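Coordinates from work_22.cif are shown below (mmCIF, C-alpha atoms and all ligand atoms).
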data_my_file
loop_
_atom_site.label_atom_id
_atom_site.label_comp_id
_atom_site.auth_asym_id
_atom_site.auth_seq_id
_atom_site.Cartn_x
_atom_site.Cartn_y
_atom_site.Cartn_z
CA MET A 1 -61.20 114.24 42.75
CA ARG A 2 -58.94 114.20 39.71
CA LYS A 3 -58.19 117.02 37.31
CA ILE A 4 -59.68 116.47 33.92
CA ASN A 5 -60.36 118.36 30.72
CA LEU A 6 -63.79 119.68 31.47
CA CYS A 7 -64.30 121.00 27.93
CA SER A 8 -64.64 117.66 26.28
CA SER A 9 -67.67 116.25 24.57
CA SER A 10 -66.82 112.91 26.14
CA GLU A 11 -67.45 114.53 29.55
CA GLY A 12 -70.91 115.55 28.39
CA THR A 13 -69.92 119.13 27.69
CA GLU A 14 -71.72 120.84 24.81
CA VAL A 15 -71.55 123.99 22.74
CA ILE A 16 -75.12 125.20 23.09
CA LEU A 17 -74.93 128.37 21.02
CA ALA A 18 -72.75 129.85 18.33
CA THR A 19 -73.45 132.97 16.36
CA SER A 20 -71.93 131.62 13.17
CA SER A 21 -72.16 128.30 11.59
CA ASP A 22 -70.77 126.69 8.52
CA GLU A 23 -72.01 123.10 8.63
CA LYS A 24 -68.57 121.98 7.44
CA HIS A 25 -66.95 123.65 10.45
CA PRO A 26 -69.50 123.42 13.26
CA PRO A 27 -68.99 124.67 16.82
CA GLU A 28 -68.77 121.08 18.12
CA ASN A 29 -65.28 121.07 16.64
CA ILE A 30 -64.17 123.32 19.47
CA ILE A 31 -64.56 120.58 22.07
CA ASP A 32 -63.92 117.41 20.07
CA GLY A 33 -60.39 117.13 21.41
CA ASN A 34 -58.89 117.49 17.94
CA PRO A 35 -57.11 120.78 17.16
CA GLU A 36 -57.22 120.01 13.45
CA THR A 37 -60.95 120.56 13.36
CA PHE A 38 -62.25 124.06 13.99
CA TRP A 39 -65.22 126.40 14.10
CA THR A 40 -65.16 129.41 11.81
CA THR A 41 -66.83 132.74 12.17
CA THR A 42 -68.77 133.66 9.05
CA GLY A 43 -69.27 137.37 9.35
CA MET A 44 -68.97 140.57 11.27
CA PHE A 45 -67.75 140.77 14.83
CA PRO A 46 -68.54 140.32 17.68
CA GLN A 47 -69.08 136.58 17.45
CA GLU A 48 -69.67 134.24 20.34
CA PHE A 49 -70.25 130.71 21.50
CA ILE A 50 -71.44 129.25 24.80
CA ILE A 51 -70.11 126.09 26.40
CA CYS A 52 -72.33 124.19 28.82
CA PHE A 53 -70.76 121.72 31.28
CA HIS A 54 -74.08 120.33 32.54
CA LYS A 55 -72.55 120.38 36.03
CA HIS A 56 -70.75 122.64 38.47
CA VAL A 57 -67.06 122.78 37.73
CA ARG A 58 -64.05 124.64 39.06
CA ILE A 59 -61.68 125.69 36.31
CA GLU A 60 -58.01 126.23 37.10
CA ARG A 61 -56.51 126.60 33.67
CA LEU A 62 -57.89 127.41 30.23
CA VAL A 63 -56.19 126.85 26.90
CA ILE A 64 -57.68 128.34 23.75
CA GLN A 65 -56.33 127.47 20.33
CA SER A 66 -57.41 129.84 17.61
CA TYR A 67 -56.38 131.90 14.61
CA PHE A 68 -56.92 135.59 13.80
CA VAL A 69 -58.62 136.27 17.16
CA ARG A 70 -57.68 139.73 18.43
CA THR A 71 -59.75 140.54 21.52
CA LEU A 72 -61.38 137.72 23.41
CA ARG A 73 -63.74 138.16 26.34
CA ILE A 74 -64.81 135.23 28.49
CA GLU A 75 -67.80 135.36 30.78
CA LYS A 76 -69.07 132.66 33.11
CA SER A 77 -72.28 131.68 34.71
CA THR A 78 -73.01 129.48 37.71
CA SER A 79 -76.71 129.12 36.89
CA LYS A 80 -78.46 126.04 35.72
CA GLU A 81 -79.51 127.90 32.60
CA PRO A 82 -77.25 129.94 30.28
CA ILE A 83 -78.12 133.22 31.98
CA ASP A 84 -76.57 135.71 34.42
CA PHE A 85 -73.17 135.73 32.81
CA GLU A 86 -70.58 137.76 34.63
CA PRO A 87 -67.35 139.20 33.23
CA TRP A 88 -64.40 136.96 33.93
CA ILE A 89 -61.44 137.27 31.58
CA GLU A 90 -60.47 139.57 28.74
CA ARG A 91 -57.39 139.09 26.59
CA ASP A 92 -55.73 140.70 23.59
CA LEU A 93 -54.12 137.94 21.62
CA VAL A 94 -51.12 138.19 19.34
CA HIS A 95 -51.14 137.15 15.75
CA LYS A 96 -48.23 135.30 14.15
CA GLU A 97 -48.58 134.50 10.49
CA GLY A 98 -49.25 130.80 9.92
CA GLN A 99 -49.11 129.93 13.61
CA LEU A 100 -52.02 128.73 15.71
CA GLN A 101 -52.70 130.99 18.67
CA ASN A 102 -52.24 129.07 21.89
CA GLU A 103 -53.57 131.16 24.75
CA GLU A 104 -52.99 129.73 28.19
CA ILE A 105 -54.80 131.29 31.11
CA MET A 106 -54.40 130.37 34.77
CA THR A 107 -57.79 131.21 36.16
CA ARG A 108 -59.03 132.41 39.51
CA ASP A 109 -62.48 132.00 40.88
CA GLY A 110 -63.26 129.37 38.29
CA HIS A 111 -66.63 128.15 39.50
CA ALA A 112 -68.93 127.77 36.51
CA THR A 113 -71.67 125.88 34.78
CA HIS A 114 -71.37 127.76 31.48
CA LEU A 115 -68.70 129.74 29.68
CA ARG A 116 -69.40 132.37 27.10
CA PHE A 117 -66.61 133.23 24.67
CA ILE A 118 -66.99 136.51 22.81
CA ILE A 119 -64.63 137.32 19.98
CA ILE A 120 -64.82 141.09 20.07
CA SER A 121 -62.49 141.68 17.17
CA ALA A 122 -60.17 139.83 14.87
CA PHE A 123 -57.08 140.35 12.73
CA ASP A 124 -58.97 139.47 9.57
CA HIS A 125 -62.51 139.19 8.20
CA PHE A 126 -62.80 135.71 9.72
CA ALA A 127 -61.41 133.85 12.70
CA SER A 128 -61.25 130.21 13.75
CA VAL A 129 -61.37 128.45 17.10
CA HIS A 130 -59.72 125.03 17.07
CA SER A 131 -60.03 123.98 20.66
CA VAL A 132 -60.88 125.11 24.15
CA SER A 133 -59.75 123.02 27.06
CA ALA A 134 -60.43 123.69 30.70
CA GLU A 135 -58.43 121.89 33.32
CA GLY A 136 -60.10 121.58 36.67
CA LEU A 137 -62.49 119.66 38.83
CA ALA A 138 -66.03 118.52 38.41
CA VAL A 139 -67.60 119.78 41.64
CA SER A 140 -71.19 118.61 41.67
CA ASN A 141 -74.15 117.78 39.53
CA LEU A 142 -76.85 120.29 38.75
CA SER A 143 -79.66 119.85 41.17
CA MET B 1 -74.21 125.56 2.74
CA VAL B 2 -73.01 128.60 4.56
CA LYS B 3 -74.48 132.03 5.01
CA LEU B 4 -71.88 134.72 5.43
CA ALA B 5 -72.50 138.24 6.70
CA ALA B 6 -70.61 141.21 5.32
CA LYS B 7 -70.55 144.85 6.22
CA CYS B 8 -70.56 146.80 2.98
CA ILE B 9 -69.77 150.48 3.06
CA LEU B 10 -71.00 152.79 0.32
CA ALA B 11 -68.50 155.53 -0.31
CA GLY B 12 -68.24 158.36 -2.77
CA ASP B 13 -68.95 162.05 -3.20
CA PRO B 14 -72.33 163.48 -2.29
CA ALA B 15 -75.05 163.23 -4.96
CA VAL B 16 -73.42 160.52 -7.09
CA GLY B 17 -76.36 158.20 -6.40
CA LYS B 18 -75.23 156.05 -3.46
CA THR B 19 -78.56 156.18 -1.71
CA ALA B 20 -80.45 155.68 -4.95
CA LEU B 21 -78.32 152.62 -5.69
CA ALA B 22 -78.79 151.07 -2.25
CA GLN B 23 -82.52 151.72 -2.30
CA ILE B 24 -83.15 150.35 -5.75
CA PHE B 25 -81.18 147.27 -4.81
CA ARG B 26 -83.24 146.91 -1.65
CA SER B 27 -86.52 147.25 -3.49
CA ASP B 28 -85.50 145.17 -6.50
CA GLY B 29 -85.99 147.97 -8.95
CA ALA B 30 -89.56 148.67 -7.99
CA HIS B 31 -89.18 152.44 -8.05
CA PHE B 32 -86.76 155.22 -8.75
CA GLN B 33 -87.29 158.39 -6.79
CA LYS B 34 -86.40 161.43 -8.74
CA ASN B 35 -85.93 164.06 -6.11
CA TYR B 36 -84.05 162.16 -3.55
CA THR B 37 -83.41 164.09 -0.39
CA LEU B 38 -80.01 163.76 1.14
CA THR B 39 -79.80 161.21 3.85
CA THR B 40 -79.43 162.60 7.32
CA GLY B 41 -78.47 159.64 9.44
CA VAL B 42 -76.88 156.41 8.52
CA ASP B 43 -79.04 154.19 6.42
CA LEU B 44 -78.73 150.47 6.62
CA VAL B 45 -80.01 148.14 3.95
CA VAL B 46 -79.82 144.43 4.66
CA LYS B 47 -80.21 141.97 1.86
CA THR B 48 -79.20 138.39 1.26
CA VAL B 49 -77.46 137.67 -2.00
CA PRO B 50 -76.93 134.15 -3.32
CA VAL B 51 -73.48 133.20 -4.55
CA SER B 52 -73.84 131.57 -7.95
CA ASP B 53 -72.75 127.96 -8.44
CA THR B 54 -72.76 127.32 -4.68
CA GLY B 55 -75.58 126.80 -2.23
CA ASP B 56 -74.05 129.62 -0.23
CA SER B 57 -75.19 133.17 0.30
CA VAL B 58 -73.96 136.43 1.72
CA GLU B 59 -76.09 138.70 3.83
CA LEU B 60 -74.98 142.22 2.90
CA PHE B 61 -75.30 144.92 5.55
CA ILE B 62 -75.05 147.99 3.35
CA PHE B 63 -74.11 151.13 5.29
CA ASP B 64 -75.04 154.23 3.36
CA SER B 65 -73.08 157.43 3.85
CA ALA B 66 -74.64 160.17 5.88
CA GLY B 67 -75.66 162.98 3.55
CA LYS B 68 -73.57 165.55 5.34
CA GLU B 69 -70.38 163.62 5.12
CA MET B 70 -68.14 165.86 3.07
CA PHE B 71 -64.82 165.38 1.45
CA SER B 72 -63.16 168.16 3.48
CA GLU B 73 -64.25 166.53 6.71
CA MET B 74 -62.75 163.32 5.49
CA LEU B 75 -59.37 164.90 4.77
CA ASP B 76 -59.12 166.09 8.36
CA LYS B 77 -59.41 162.53 9.50
CA LEU B 78 -56.73 161.08 7.28
CA GLY B 79 -53.39 160.79 8.97
CA ALA B 80 -54.84 160.87 12.43
CA PRO B 81 -56.26 157.65 13.83
CA TRP B 82 -59.83 157.88 12.72
CA ARG B 83 -62.42 157.68 15.44
CA PRO B 84 -66.09 157.45 14.70
CA HIS B 85 -67.70 160.51 16.15
CA SER B 86 -70.95 160.80 14.31
CA LYS B 87 -73.00 159.58 17.25
CA ALA B 88 -73.26 163.03 18.71
CA HIS B 89 -74.76 164.78 15.74
CA LEU B 90 -76.91 162.00 14.39
CA PRO B 91 -80.54 161.70 15.35
CA LEU B 92 -81.35 159.08 17.93
CA PRO B 93 -82.47 155.80 16.45
CA PRO B 94 -86.11 154.94 16.74
CA PRO B 95 -86.53 151.99 19.08
CA GLY B 96 -87.17 148.84 17.14
CA PRO B 97 -86.58 145.15 17.28
CA SER B 98 -84.22 145.22 14.33
CA LEU B 99 -81.79 147.61 15.88
CA GLY B 100 -80.02 145.08 18.03
CA SER B 101 -79.55 142.77 15.14
CA ALA B 102 -78.22 145.50 12.95
CA LEU B 103 -75.61 146.49 15.47
CA GLY B 104 -74.74 143.00 16.50
CA PRO B 105 -75.05 141.08 13.26
CA ALA B 106 -73.69 138.04 14.95
CA HIS B 107 -77.04 137.67 16.61
CA ALA B 108 -78.78 137.93 13.30
CA ALA B 109 -76.72 135.06 12.01
CA ALA B 110 -77.66 132.92 14.97
CA ARG B 111 -81.38 133.20 14.77
CA GLY B 112 -82.24 134.91 11.55
CA PHE B 113 -82.63 138.62 11.18
CA SER B 114 -85.82 139.56 13.01
CA GLY B 115 -87.15 136.14 12.25
CA SER B 116 -87.15 136.55 8.46
CA PRO B 117 -83.59 136.34 7.24
CA SER B 118 -84.38 136.41 3.55
CA HIS B 119 -86.49 139.54 3.66
CA PRO B 120 -84.68 142.78 2.87
CA HIS B 121 -84.99 145.46 5.53
CA ARG B 122 -84.37 149.12 5.61
CA ILE B 123 -83.74 150.70 8.95
CA GLN B 124 -82.79 154.22 9.90
CA LEU B 125 -80.49 154.32 12.83
CA ALA B 126 -77.59 156.11 14.36
CA VAL B 127 -74.55 153.96 14.00
CA PRO B 128 -71.43 155.52 15.43
CA SER B 129 -69.28 153.24 13.39
CA LYS B 130 -70.28 153.60 9.79
CA TRP B 131 -66.66 153.37 8.63
CA GLU B 132 -65.47 150.92 11.24
CA SER B 133 -64.42 147.39 10.26
CA PRO B 134 -65.74 147.17 6.72
CA ASN B 135 -65.75 143.80 4.97
CA VAL B 136 -66.38 145.05 1.45
CA LEU B 137 -66.48 148.43 -0.27
CA CYS B 138 -68.81 149.85 -2.89
CA LEU B 139 -67.20 152.98 -4.29
CA VAL B 140 -69.53 155.14 -6.38
CA TYR B 141 -68.91 158.08 -8.71
CA ASP B 142 -71.02 159.97 -11.22
CA VAL B 143 -69.89 159.50 -14.84
CA THR B 144 -70.89 163.11 -15.58
CA ASN B 145 -68.77 164.47 -12.75
CA GLU B 146 -65.00 164.33 -13.21
CA GLN B 147 -64.29 165.40 -9.63
CA SER B 148 -66.40 162.61 -8.18
CA PHE B 149 -64.20 160.17 -10.07
CA THR B 150 -60.86 161.66 -9.03
CA ASN B 151 -62.03 161.76 -5.41
CA CYS B 152 -62.50 158.01 -5.48
CA SER B 153 -58.86 157.45 -4.61
CA LYS B 154 -59.34 159.43 -1.39
CA TRP B 155 -62.47 157.52 -0.47
CA LEU B 156 -60.67 154.28 -1.17
CA GLU B 157 -57.78 155.32 1.01
CA LYS B 158 -60.12 156.20 3.84
CA ALA B 159 -61.90 152.86 3.61
CA ARG B 160 -58.67 150.85 3.44
CA SER B 161 -57.15 152.71 6.38
CA GLN B 162 -59.91 151.24 8.55
CA ILE B 163 -58.41 147.77 8.19
CA PRO B 164 -54.81 148.49 7.27
CA ASP B 165 -53.39 144.97 7.30
CA THR B 166 -56.33 143.23 5.71
CA SER B 167 -57.50 143.16 2.13
CA LEU B 168 -60.76 144.94 1.38
CA PRO B 169 -62.65 143.59 -1.63
CA GLY B 170 -64.24 146.42 -3.55
CA VAL B 171 -66.10 147.52 -6.63
CA LEU B 172 -66.03 150.81 -8.49
CA VAL B 173 -69.42 151.93 -9.78
CA GLY B 174 -69.88 154.68 -12.37
CA ASN B 175 -73.47 155.79 -12.08
CA LYS B 176 -75.81 157.95 -14.22
CA THR B 177 -74.88 156.46 -17.59
CA ASP B 178 -78.33 157.60 -18.80
CA LEU B 179 -76.91 161.13 -19.00
CA ALA B 180 -74.83 160.08 -22.00
CA GLY B 181 -74.45 163.57 -23.45
CA ARG B 182 -72.87 164.85 -20.25
CA ARG B 183 -70.43 162.03 -19.71
CA ALA B 184 -67.11 163.30 -18.37
CA VAL B 185 -65.36 160.07 -17.39
CA ASP B 186 -64.95 157.44 -20.04
CA SER B 187 -65.17 153.76 -19.25
CA ALA B 188 -61.65 152.89 -20.30
CA ARG B 189 -60.15 155.40 -17.92
CA ALA B 190 -62.22 154.18 -15.00
CA GLN B 191 -61.41 150.61 -15.87
CA ALA B 192 -57.67 151.27 -15.98
CA TRP B 193 -57.72 152.93 -12.58
CA ALA B 194 -59.92 150.23 -11.04
CA LEU B 195 -57.67 147.51 -12.35
CA GLY B 196 -54.65 149.13 -10.75
CA GLN B 197 -56.48 149.24 -7.43
CA GLY B 198 -57.76 145.69 -7.56
CA LEU B 199 -61.35 146.85 -7.85
CA GLU B 200 -63.92 145.44 -10.23
CA CYS B 201 -65.51 148.04 -12.39
CA PHE B 202 -69.19 148.59 -13.23
CA GLU B 203 -71.34 151.21 -14.88
CA THR B 204 -74.93 151.69 -13.85
CA SER B 205 -77.92 153.85 -14.32
CA VAL B 206 -80.11 153.68 -11.30
CA LYS B 207 -82.60 155.82 -13.15
CA GLU B 208 -82.88 153.39 -16.03
CA MET B 209 -82.54 150.48 -13.58
CA GLU B 210 -79.54 149.26 -15.45
CA ASN B 211 -76.94 146.94 -13.98
CA TYR B 212 -77.64 147.98 -10.39
CA GLU B 213 -77.42 144.45 -9.00
CA ALA B 214 -74.13 143.39 -10.54
CA PRO B 215 -71.84 145.34 -8.19
CA PHE B 216 -73.45 143.79 -5.10
CA TYR B 217 -73.39 140.30 -6.56
CA CYS B 218 -69.75 140.80 -7.32
CA LEU B 219 -69.01 141.93 -3.76
CA ALA B 220 -70.83 138.90 -2.37
CA LYS B 221 -68.85 136.63 -4.63
CA ARG B 222 -65.53 138.19 -3.67
CA PHE B 223 -66.32 138.02 0.04
CA HIS B 224 -67.31 134.41 -0.36
CA HIS B 225 -64.04 133.73 -2.16
CA LEU B 226 -62.15 135.36 0.69
CA TYR B 227 -63.92 133.09 3.14
CA TRP B 228 -62.77 129.98 1.32
CA GLU B 229 -59.24 131.30 1.18
CA LYS B 230 -59.26 131.80 4.95
CA VAL B 231 -60.77 128.39 5.62
CA GLU B 232 -57.88 126.92 3.64
CA VAL B 233 -55.48 128.86 5.81
CA PHE B 234 -57.17 127.52 8.96
CA GLN B 235 -57.00 124.01 7.55
CA ALA B 236 -53.30 124.28 6.81
CA LEU B 237 -52.34 125.40 10.32
CA LEU B 238 -51.75 121.91 11.64
N1 LIG C 301 -79.96 160.87 -14.13
C1 LIG C 301 -79.71 160.12 -13.07
N2 LIG C 301 -79.86 160.65 -11.83
C2 LIG C 301 -79.59 159.87 -10.76
C3 LIG C 301 -79.18 158.51 -10.91
N3 LIG C 301 -78.97 158.00 -9.68
C4 LIG C 301 -79.27 158.98 -8.80
N4 LIG C 301 -79.64 160.10 -9.44
C5 LIG C 301 -80.01 161.40 -8.85
O1 LIG C 301 -78.86 161.98 -8.25
C6 LIG C 301 -79.21 162.71 -7.08
C7 LIG C 301 -78.40 162.25 -5.88
O2 LIG C 301 -78.72 160.90 -5.57
P1 LIG C 301 -78.47 160.27 -4.12
O3 LIG C 301 -78.82 158.84 -4.20
O4 LIG C 301 -79.14 161.07 -3.07
O5 LIG C 301 -76.89 160.50 -4.00
P2 LIG C 301 -75.94 160.24 -2.74
O6 LIG C 301 -75.69 161.56 -2.10
O7 LIG C 301 -74.67 159.69 -3.33
O8 LIG C 301 -76.61 159.27 -1.83
C8 LIG C 301 -80.70 162.51 -6.89
O9 LIG C 301 -81.36 163.63 -7.41
C9 LIG C 301 -81.01 161.28 -7.72
O10 LIG C 301 -82.32 161.29 -8.20
C10 LIG C 301 -79.04 157.98 -12.24
O11 LIG C 301 -78.70 156.82 -12.49
N5 LIG C 301 -79.32 158.84 -13.27
MG MG C 302 -77.09 159.50 0.11
#
Write out the structure in this file as structure tokens.
Amino acid sequence: MRKINLCSSSEGTEVILATSSDEKHPPENIIDGNPETFWTTTGMFPQEFIICFHKHVRIERLVIQSYFVRTLRIEKSTSKEPIDFEPWIERDLVHKEGQLQNEEIMTRDGHATHLRFIIISAFDHFASVHSVSAEGLAVSNLS
Amino acid sequence: MVKLAAKCILAGDPAVGKTALAQIFRSDGAHFQKNYTLTTGVDLVVKTVPVSDTGDSVELFIFDSAGKEMFSEMLDKLGAPWRPHSKAHLPLPPPGPSLGSALGPAHAAARGFSGSPSHPHRIQLAVPSKWESPNVLCLVYDVTNEQSFTNCSKWLEKARSQIPDTSLPGVLVGNKTDLAGRRAVDSARAQAWALGQGLECFETSVKEMENYEAPFYCLAKRFHHLYWEKVEVFQALL
């Protein structure tokens, strides 16, 4: 088994829910492999999106590129459906003017089928997420 | 086409007409209640406002001040990190499907507010965080009450201190212009102060149903403008 970016639309991964959407900056931009494109929040916090791998994966490392995100909570599920999310990671990010946030997280217990990203608070009225990548292994298909 | 969502806080002295303003805006001028009782909890009015010359709109979540909120209480909070504490003395919210959406507006944006996003709602609920994380500010005074005007700077300070490093678009609204003979604050003075504070200035008479929409349309427009500014920032990052 080789390590791949599990959060890639070319791997069949999808963003199945986002609480905000500007059709010019849709949530698909988070996993299109291009950090120039982004998803924007369009209102009050919290805001969230859910990534579905359509298979069982084991994540070893996460990288989130964003702007103006203050507190980020990540939950994961190992169910076939996007339910039964359990708390996994919570981070307070730093903000540097004009600089993309690049949050790297070495993960433990990274078995998942879905990830739920909740932006609890932000440094401004709006925040953007440019990319999420998850390095790890595809374990098995959903039965 | 994008639909933004903004938390709008109504601030100002008691009895200047905040509740009357929010309610007439909610009901599109259908009625003006003369003997308005003071609000006891936190009132939330949700209404979608189109942004002219764009296909876009802003859903305003207007948080009305609790009636008991007094200026002296407010002064105690300034200087110290302000924590919402009103939960304890507010009545419990009635259970209702809208409550979750009101508290977690993100969910409203995802699926439409209670299934009918364009319909204005009025819900009574206990929100511990009336002042927390405002997006826009509607600052109201009574043109016949000098003190209510001078207190505006304190209300503004309180609102801005909630998001200290972020700009807070706001409007200043002088209400009760129908009481012309009792006017104590002239327009030019209010305008000069508002200008200095970066607020846009309006005069209304809720009683005469005059100009009550303009402040909210202005707030929606300014929030929308802010959104485009931020999107440009996001675009310029790489
Ligand atoms: N004459 C006049 N009275 C008003 C106007 N707007 C509100 N009022 C009255 O002012 C009083 C206080 O209004 P209310 O909305 O409860 O003020 P709040 O405490 O700021 O929410 C009530 O008796 C209202 O009927 C107005 O435009 N003209
Ligand atoms: Mg009131």
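Closest approach to Asp56 in chain B among B:Ala6, B:Ala11, B:Ala220, B:Val136: B:Ala220, based on all atoms listed in the file.
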Residue hits in chain A, query chain B, radius 9 Å, only C-alpha atoms, as an NGL selection string: :A and (17-24 or 35-38 or 40-48 or 66-67 or 98-100 or 123-128 or 130)
Shell of 9 Å around Cys152 in chain B, only C-alpha atoms, local chain residues under 4 positions omitted, as a VMD selection string: chain B and resid 11 to 13 139 to 141 147 to 148 156 to 157 172
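Shortest separation to His25 in chain A among B:Leu199, B:Glu213, B:Pro169, B:Glu232 occurs at residue B:Glu232, atoms counted being only C-alpha atoms.
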Can you pull out the residues contacting Ala134 in chain A? Cut-off 6 Å, using all atoms listed in the file, and skip same-chain residues under 5 positions away; I want them as a short mmCIF file (atom, residue, chain, number, x, y, z; two decimals) with C-alpha atoms, in the frame of the given file.
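Saved to out.cif:
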data_model
loop_
_atom_site.label_atom_id
_atom_site.label_comp_id
_atom_site.auth_asym_id
_atom_site.auth_seq_id
_atom_site.Cartn_x
_atom_site.Cartn_y
_atom_site.Cartn_z
CA ASN A 5 -60.36 118.36 30.72
CA LEU A 6 -63.79 119.68 31.47
CA CYS A 7 -64.30 121.00 27.93
CA ARG A 61 -56.51 126.60 33.67
CA LEU A 62 -57.89 127.41 30.23
#
Long-range neighbours of range 86-97 of chain A as an MDAnalysis selection string, 10 Å cut-off, all atoms listed in the file, 4 positions minimum in chain: (chainID A and resid 66:78 101:103 105 107:110 115:123) or (chainID B and resid 237)
Computed interatomic separation between CA of Arg183 in chain B and CA of Cys218 in chain B (Å): 24.6 Å
Test item: residues at most 6 Å from Ile51 in chain A, all atoms listed in the file, excluding those fewer than 5 positions along its chain, as a ChimeraX atom specification: /A:14-15,114-115
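Between CA of Ser131 in chain A and CA of Gly33 in chain A lies a distance of 6.9 Å.
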Mind working out the centre and edge lengths of an axis-aligned box for range 129-144 of chain B, all listed atoms inside, 8 Å added to each side, rounded to one decimal in Å and written as lines of an AutoDock Vina configuration file?
center_x = -67.7
center_y = 153.5
center_z = -1.1
size_x = 22.6
size_y = 35.3
size_z = 45.0
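If only C-alpha atoms are the atoms counted, then among A:Ser133, A:Gly12, A:Asn141, A:Lys55 the closest residue to Asn34 in chain A is A:Ser133.
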List the spatial neighbours of His54 in chain A as a PDB file with C-alpha atoms, keeping the file's coordinate frame - criterion: any atom at most 7 Å away, only C-alpha atoms, same-chain residues fewer than 3 positions off excluded.
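selection.pdb, freshly written:
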ATOM      1  CA  THR A  13     -69.920 119.130  27.690  1.00  0.00           C
ATOM      2  CA  THR A 113     -71.670 125.880  34.780  1.00  0.00           C
ATOM      3  CA  LEU A 142     -76.850 120.290  38.750  1.00  0.00           C
TER       4      LEU A 142
END
Gap from CA of Glu132 in chain B to CA of Ala159 in chain B - Å, one decimal: 8.6 Å
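Using all atoms listed in the file, the shortest contact distance between ligand LIG 301 (chain C) and any of B:Lys18, B:Arg189, B:Arg222, B:Arg160 is found at B:Lys18.
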Where atoms are missing, can you supply N, CA, C and O atoms for range 203-214 of chain B and output the lot as a CSV table (one decimal), in the frame of the given file?
chain,number,residue,atom,x,y,z
B,203,GLU,N,-70.6,150.0,-14.6
B,203,GLU,CA,-71.3,151.2,-14.9
B,203,GLU,C,-72.8,150.9,-14.7
B,203,GLU,O,-73.3,149.9,-15.1
B,204,THR,N,-73.5,151.9,-14.1
B,204,THR,CA,-74.9,151.7,-13.8
B,204,THR,C,-75.7,152.9,-14.2
B,204,THR,O,-75.2,154.0,-14.3
B,205,SER,N,-77.0,152.7,-14.4
B,205,SER,CA,-77.9,153.8,-14.3
B,205,SER,C,-79.0,153.4,-13.4
B,205,SER,O,-79.8,152.5,-13.7
B,206,VAL,N,-79.0,154.0,-12.2
B,206,VAL,CA,-80.1,153.7,-11.3
B,206,VAL,C,-81.4,154.1,-11.9
B,206,VAL,O,-82.5,153.5,-11.8
B,207,LYS,N,-81.4,155.3,-12.6
B,207,LYS,CA,-82.6,155.8,-13.2
B,207,LYS,C,-83.2,154.9,-14.2
B,207,LYS,O,-84.4,154.7,-14.2
B,208,GLU,N,-82.4,154.3,-15.0
B,208,GLU,CA,-82.9,153.4,-16.0
B,208,GLU,C,-82.9,151.9,-15.5
B,208,GLU,O,-83.2,151.0,-16.3
B,209,MET,N,-82.6,151.8,-14.2
B,209,MET,CA,-82.5,150.5,-13.6
B,209,MET,C,-81.6,149.5,-14.3
B,209,MET,O,-81.9,148.4,-14.5
B,210,GLU,N,-80.5,150.1,-14.7
B,210,GLU,CA,-79.5,149.3,-15.4
B,210,GLU,C,-78.4,148.8,-14.6
B,210,GLU,O,-77.7,149.7,-14.0
B,211,ASN,N,-78.2,147.5,-14.6
B,211,ASN,CA,-76.9,146.9,-14.0
B,211,ASN,C,-76.7,147.2,-12.5
B,211,ASN,O,-75.6,147.1,-12.0
B,212,TYR,N,-77.8,147.6,-11.8
B,212,TYR,CA,-77.6,148.0,-10.4
B,212,TYR,C,-77.4,146.8,-9.4
B,212,TYR,O,-76.9,147.0,-8.3
B,213,GLU,N,-77.6,145.6,-9.9
B,213,GLU,CA,-77.4,144.4,-9.0
B,213,GLU,C,-76.0,143.9,-9.1
B,213,GLU,O,-75.5,143.4,-8.1
B,214,ALA,N,-75.4,144.0,-10.3
B,214,ALA,CA,-74.1,143.4,-10.5
B,214,ALA,C,-73.0,143.8,-9.5
B,214,ALA,O,-72.3,142.9,-9.1
